[in-house]
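Notes follow once the structure below has been shown.
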Amino acid sequence: MGPRQEHFRMLALYNQWANARLYDAAGRIAPEALAEERGAFFGSLLGTLNHLLVTDRGWMARLEGESPRMRLDEMLHDDFSDLRAARVVQDQRLADYVHGLSEDRLAARLDYATSSGAPQSQPLHHVLAHLFNHQTHHRGQAHHLVGLVLGREATPVLDLLAYQRSTAAAAVEARQGTALPHDDGPPGRPPDDGPTGPGLAATRVQVAAMDGVMLADKEVPEPDSLGG
């Protein structure tokens, strides 16, 4: 596996992990609070999450050779459960696509049209870098809106380092047959002391080998920080 393949496969799996944690937290918010106007770029938390689904579907279509026109503020789903189900499907679809890419394909150019119809041509790895960066950008906005409603202590850690350290720990555990302590509490920041020790939260991760064999499927500790 080449370096770009490894990098973008990691980002696709991180994208699934972060969105799952964000939606777990957002699912604890009342429907009226989800839809409340909060001055965000796309208004509400529900609007922000819908925007991410709209754009991900648009980019997925471009990756598959189509260039649809789309309205960036379209509300695909007013119901959170429907939105969440669509998010899960979209994230898996993107992960499957990325895992099928070769180094040569990642380096090749992608021809597409913008939402206004303007023709564009870029290396595919540039397009994927934008797609995942765009996810992180607006997921950060959604993360902030979740925190406004639930409070900082109930807002999940979404750092890339948290995902990387968690999956690395799970892989080591699978190889060594050792058990790591974990906390069955909510997905946010834990108390100062607890089953995971100071400064650690727990998250469920799944680590699979390239042949599809599951190496680990359990909760492992992760860093409790905003930046590292």
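Each chain of the structure tokens is named A, B, ... in the order shown, its residues numbered from 1; ligands are numbered from 1 in display order.
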* Asked: Within 12 Å of region 69-72 of chain A, counting only C-alpha atoms, which residues qualify if same-chain residues fewer than 2 places away don't, as a PyMOL selection string?
  -> chain A and resi 41-42+47-59+61-62+66-67+74-76+112-118
* Name all residues at most 12 Å from region 121-123 of chain A (count only C-alpha atoms; drop same-chain ones fewer than 3 positions away) and give them as a list of chain:residue names. => A:Arg62, A:Leu63, A:Glu103, A:Asp104, A:Arg105, A:Leu106, A:Ala107, A:Ala108, A:Arg109, A:Leu110, A:Asp111, A:Tyr112, A:Ala113, A:Thr114, A:Ala118, A:His126, A:Val127, A:Leu128, A:Ala129, A:His130
Save the residues we just selected, all heavy atoms, as a short mmCIF file (atom, residue, chain, number, x, y, z; two decimals), in the first residue's frame?
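out22.cif written:
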```
data_model
loop_
_atom_site.label_atom_id
_atom_site.label_comp_id
_atom_site.auth_asym_id
_atom_site.auth_seq_id
_atom_site.Cartn_x
_atom_site.Cartn_y
_atom_site.Cartn_z
N ARG A 62 -19.30 13.54 -8.27
CA ARG A 62 -18.19 13.96 -9.13
C ARG A 62 -17.12 12.89 -9.20
O ARG A 62 -16.54 12.64 -10.27
CB ARG A 62 -17.60 15.27 -8.60
CG ARG A 62 -18.52 16.46 -8.76
CD ARG A 62 -18.05 17.65 -7.94
NE ARG A 62 -18.96 18.78 -8.08
CZ ARG A 62 -19.01 19.81 -7.24
NH1 ARG A 62 -18.19 19.84 -6.20
NH2 ARG A 62 -19.86 20.80 -7.44
N LEU A 63 -16.84 12.26 -8.09
CA LEU A 63 -15.85 11.19 -8.08
C LEU A 63 -16.28 10.04 -8.98
O LEU A 63 -15.44 9.31 -9.53
CB LEU A 63 -15.64 10.68 -6.65
CG LEU A 63 -15.00 11.66 -5.67
CD1 LEU A 63 -15.03 11.10 -4.25
CD2 LEU A 63 -13.58 12.01 -6.07
N GLU A 103 -2.55 4.02 -6.09
CA GLU A 103 -1.69 5.21 -6.10
C GLU A 103 -1.78 5.93 -7.44
O GLU A 103 -1.81 7.17 -7.50
CB GLU A 103 -0.24 4.81 -5.81
CG GLU A 103 0.04 4.48 -4.36
CD GLU A 103 0.11 5.71 -3.47
OE1 GLU A 103 0.73 6.71 -3.86
OE2 GLU A 103 -0.47 5.66 -2.37
N ASP A 104 -1.83 5.18 -8.53
CA ASP A 104 -1.92 5.80 -9.85
C ASP A 104 -3.23 6.57 -10.00
O ASP A 104 -3.24 7.67 -10.56
CB ASP A 104 -1.82 4.73 -10.94
CG ASP A 104 -0.41 4.18 -11.09
OD1 ASP A 104 0.53 4.81 -10.59
OD2 ASP A 104 -0.27 3.10 -11.71
N ARG A 105 -4.31 6.00 -9.52
CA ARG A 105 -5.60 6.69 -9.64
C ARG A 105 -5.61 7.96 -8.78
O ARG A 105 -6.16 8.99 -9.19
CB ARG A 105 -6.74 5.76 -9.21
CG ARG A 105 -8.12 6.40 -9.35
CD ARG A 105 -8.48 6.62 -10.80
NE ARG A 105 -9.70 7.41 -10.96
CZ ARG A 105 -9.74 8.73 -11.14
NH1 ARG A 105 -8.61 9.42 -11.19
NH2 ARG A 105 -10.88 9.36 -11.28
N LEU A 106 -5.02 7.90 -7.61
CA LEU A 106 -4.96 9.08 -6.75
C LEU A 106 -4.17 10.21 -7.40
O LEU A 106 -4.46 11.39 -7.18
CB LEU A 106 -4.35 8.71 -5.40
CG LEU A 106 -5.27 7.96 -4.44
CD1 LEU A 106 -4.47 7.30 -3.32
CD2 LEU A 106 -6.32 8.90 -3.85
N ALA A 107 -3.17 9.86 -8.18
CA ALA A 107 -2.34 10.87 -8.84
C ALA A 107 -2.97 11.38 -10.13
O ALA A 107 -2.59 12.45 -10.63
CB ALA A 107 -0.96 10.29 -9.14
N ALA A 108 -3.93 10.64 -10.69
CA ALA A 108 -4.56 11.04 -11.95
C ALA A 108 -5.49 12.23 -11.74
O ALA A 108 -5.90 12.54 -10.62
CB ALA A 108 -5.34 9.86 -12.53
N ARG A 109 -5.83 12.89 -12.82
CA ARG A 109 -6.68 14.07 -12.74
C ARG A 109 -8.16 13.68 -12.75
O ARG A 109 -8.56 12.67 -13.35
CB ARG A 109 -6.39 15.03 -13.89
CG ARG A 109 -4.95 15.52 -13.91
CD ARG A 109 -4.75 16.65 -14.89
NE ARG A 109 -5.32 17.90 -14.40
CZ ARG A 109 -4.69 18.73 -13.54
NH1 ARG A 109 -3.50 18.41 -13.07
NH2 ARG A 109 -5.27 19.84 -13.15
N LEU A 110 -8.94 14.50 -12.08
CA LEU A 110 -10.39 14.34 -12.08
C LEU A 110 -10.99 15.56 -12.77
O LEU A 110 -10.77 16.70 -12.35
CB LEU A 110 -10.93 14.24 -10.65
CG LEU A 110 -12.45 14.16 -10.52
CD1 LEU A 110 -12.95 12.79 -11.00
CD2 LEU A 110 -12.90 14.41 -9.09
N ASP A 111 -11.74 15.33 -13.83
CA ASP A 111 -12.45 16.40 -14.53
C ASP A 111 -13.88 16.45 -14.01
O ASP A 111 -14.57 15.42 -13.95
CB ASP A 111 -12.45 16.14 -16.04
CG ASP A 111 -11.05 16.13 -16.62
OD1 ASP A 111 -10.20 16.90 -16.13
OD2 ASP A 111 -10.80 15.33 -17.55
N TYR A 112 -14.34 17.63 -13.65
CA TYR A 112 -15.69 17.78 -13.13
C TYR A 112 -16.16 19.21 -13.34
O TYR A 112 -15.40 20.07 -13.82
CB TYR A 112 -15.73 17.43 -11.63
CG TYR A 112 -14.91 18.36 -10.75
CD1 TYR A 112 -15.51 19.46 -10.12
CD2 TYR A 112 -13.55 18.15 -10.54
CE1 TYR A 112 -14.77 20.32 -9.32
CE2 TYR A 112 -12.81 19.00 -9.74
CZ TYR A 112 -13.42 20.08 -9.13
OH TYR A 112 -12.69 20.94 -8.34
N ALA A 113 -17.40 19.47 -13.00
CA ALA A 113 -17.95 20.82 -13.07
C ALA A 113 -18.40 21.24 -11.68
O ALA A 113 -18.87 20.41 -10.88
CB ALA A 113 -19.13 20.87 -14.04
N THR A 114 -18.26 22.52 -11.37
CA THR A 114 -18.71 23.04 -10.10
C THR A 114 -20.24 23.07 -10.05
O THR A 114 -20.91 22.79 -11.05
CB THR A 114 -18.18 24.46 -9.86
OG1 THR A 114 -18.78 25.34 -10.82
CG2 THR A 114 -16.66 24.50 -10.01
N ALA A 118 -19.13 25.45 -13.91
CA ALA A 118 -17.79 25.80 -14.40
C ALA A 118 -16.90 24.55 -14.44
O ALA A 118 -16.82 23.81 -13.46
CB ALA A 118 -17.16 26.85 -13.51
N HIS A 126 -5.98 15.85 -4.61
CA HIS A 126 -6.31 17.21 -4.19
C HIS A 126 -7.80 17.32 -3.87
O HIS A 126 -8.20 17.97 -2.89
CB HIS A 126 -5.96 18.21 -5.29
CG HIS A 126 -4.50 18.47 -5.42
ND1 HIS A 126 -3.99 19.42 -6.29
CD2 HIS A 126 -3.43 17.91 -4.81
CE1 HIS A 126 -2.67 19.43 -6.20
NE2 HIS A 126 -2.31 18.52 -5.32
N VAL A 127 -8.63 16.70 -4.70
CA VAL A 127 -10.07 16.73 -4.48
C VAL A 127 -10.43 16.04 -3.17
O VAL A 127 -11.23 16.54 -2.37
CB VAL A 127 -10.81 16.07 -5.66
CG1 VAL A 127 -12.29 15.91 -5.36
CG2 VAL A 127 -10.61 16.89 -6.94
N LEU A 128 -9.83 14.88 -2.92
CA LEU A 128 -10.11 14.16 -1.67
C LEU A 128 -9.63 14.96 -0.46
O LEU A 128 -10.28 14.97 0.59
CB LEU A 128 -9.45 12.79 -1.70
CG LEU A 128 -10.09 11.76 -2.62
CD1 LEU A 128 -9.27 10.48 -2.64
CD2 LEU A 128 -11.53 11.46 -2.21
N ALA A 129 -8.48 15.62 -0.60
CA ALA A 129 -7.99 16.45 0.50
C ALA A 129 -9.00 17.55 0.83
O ALA A 129 -9.27 17.83 2.00
CB ALA A 129 -6.63 17.05 0.14
N HIS A 130 -9.56 18.16 -0.21
CA HIS A 130 -10.59 19.18 0.03
C HIS A 130 -11.82 18.57 0.69
O HIS A 130 -12.38 19.15 1.63
CB HIS A 130 -11.01 19.85 -1.28
CG HIS A 130 -12.28 20.62 -1.13
ND1 HIS A 130 -12.34 21.84 -0.49
CD2 HIS A 130 -13.57 20.32 -1.48
CE1 HIS A 130 -13.60 22.27 -0.46
NE2 HIS A 130 -14.36 21.37 -1.06
#
```
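Minimum atom-to-atom distance to Gly147 (chain A), evaluated using only C-alpha atoms, belongs to A:Arg28 out of A:Arg87, A:Arg165, A:His134, A:Arg28.
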* Determine which residues of region 99-192 of chain A DSSP labels as helix (DSSP H, G or I) from the backbone of this structure, then write them out as a ChimeraX atom specification. => /A:99,103-107,124-150,152-154,160-176
* **Straight-line distance linking CA of Leu13 (chain A) with CA of Ser166 (chain A), stated in Å to one decimal** => 12.3 Å
* Measuring atom to atom with only C-alpha atoms, identify which of A:His99, A:His77, A:His144, A:Arg38 is nearest to Glu6 (chain A). => A:His99
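CA of Leu124 (chain A) sits 26.5 Å away from CA of Thr167 (chain A).
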* For Tyr97 (chain A), please output as a PyMOL selection string all residues within 10 Å (counting only C-alpha atoms; exclusion window: fewer than 6 positions along the same chain). => chain A and resi 9+12+60+63-64+91
Using only N, CA, C and O atoms, please write the residues we just selected to a file, as a CSV table (one decimal), in the first residue's frame.
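File produced: again-v7.csv:
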```csv
chain,number,residue,atom,x,y,z
A,9,ARG,N,-7.1,6.4,3.2
A,9,ARG,CA,-7.9,5.4,3.9
A,9,ARG,C,-8.0,5.7,5.4
A,9,ARG,O,-9.1,5.6,6.0
A,12,ALA,N,-10.6,8.5,5.7
A,12,ALA,CA,-12.0,8.0,5.5
A,12,ALA,C,-12.5,7.3,6.7
A,12,ALA,O,-13.7,7.5,7.1
A,60,MET,N,-19.2,13.0,-4.1
A,60,MET,CA,-19.3,11.6,-4.4
A,60,MET,C,-19.7,11.4,-5.8
A,60,MET,O,-19.2,10.6,-6.6
A,63,LEU,N,-16.8,12.3,-8.1
A,63,LEU,CA,-15.8,11.2,-8.1
A,63,LEU,C,-16.3,10.0,-9.0
A,63,LEU,O,-15.4,9.3,-9.5
A,64,GLU,N,-17.6,9.9,-9.1
A,64,GLU,CA,-18.1,8.8,-10.0
A,64,GLU,C,-18.4,9.2,-11.4
A,64,GLU,O,-19.1,8.5,-12.1
A,91,ASP,N,-21.0,7.8,4.6
A,91,ASP,CA,-19.7,7.6,5.1
A,91,ASP,C,-19.1,6.3,4.7
A,91,ASP,O,-17.9,6.2,4.4
```
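Among the candidates A:Ala40, A:Ala171, A:Leu158, A:Ala30, the residue lying nearest to Thr136 (chain A) is A:Leu158 (atoms considered: only C-alpha atoms).
Atom pair CA of Asn19 (chain A) / CA of Val149 (chain A): separated by 17.7 Å.
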